[in-house]
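Student: One structure, pasted below without further comment.
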Amino acid sequence: MHAIRTTKAINAVMAAYRGGDYRTALQRAESLKDGSSNTAEYCFFRGSMLHHLGKLDDAESNLREGLALETDPRQRALVYNVIASVLMDQERFPESIAFFENAGRAWPDRGANHRGIAEVWLRQGREFSEALDHARQAVEIDRHAPGMKKEALDSRLGEDLAVLAWAVAANSGEAREVESLLAEAFQLCGTKSKADPRPVPLPCRKGLRSAQIAGEKSRAFSSSNRDRPSRKFRAARPGDGFIV
């Protein structure tokens, strides 16, 4: 009975989350408590929604509490991953990388761990080669991920590809490769256009933002250098509008 109640509560939280209604999802997470006691599920979903609402300190606190309660290795990997993302948004980059690495040890065949490390380096505007290696590993892993629903896999792979486009732009700047990666990322994640009315799946939001920036840089450079045989970006520098 408890398991059924927990599943129904998680489904209710996820329905609000997928609709972009983080406040409602946060409210619904309250039903994941066990009486007056916090559970691993409650801490995870509450922390995740607080992260989306920009309440980073509270998110970190809830997620760390939940991590201590979680025993399943893959669930621990998910908690590690979200904590790492919170730390990245707080610009606590070394700690963020450590948590992404912990996530990778707990769940090695999940590309998001490598994607996260790539994004940490890209946000700092450094270690572009290492970022590219991690971004390529993320795509390789998630292209062959077994046992996932198509929508979930498309969202994950779409974000991987967008961050890979960002890493390629920062390294070689090969415009054709960047544009190809962006096209696949947007196809997988969906767009909010009249031609394609599907909402952008929320797990793709960071990758699509990266994709948009990489695409703008790609097109701007190509336009200003269309008479030259080589179409490449320079590596991005901090503060030039490329790193977000």
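Numbering starts fresh at 1 for the residues of each chain in the structure tokens, the chains themselves are lettered A, B, ... in the order given, and ligands are numbered from 1 as they appear.
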Need the shell around A:Phe100: protein/DNA/RNA residues with any atom at most 12 Å away, counting only C-alpha atoms. Skip same-chain ones fewer than 6 positions apart. Format as a PyMOL selection string?

Tutor: chain A and resi 76-88+93-94+106-108+110-120+134
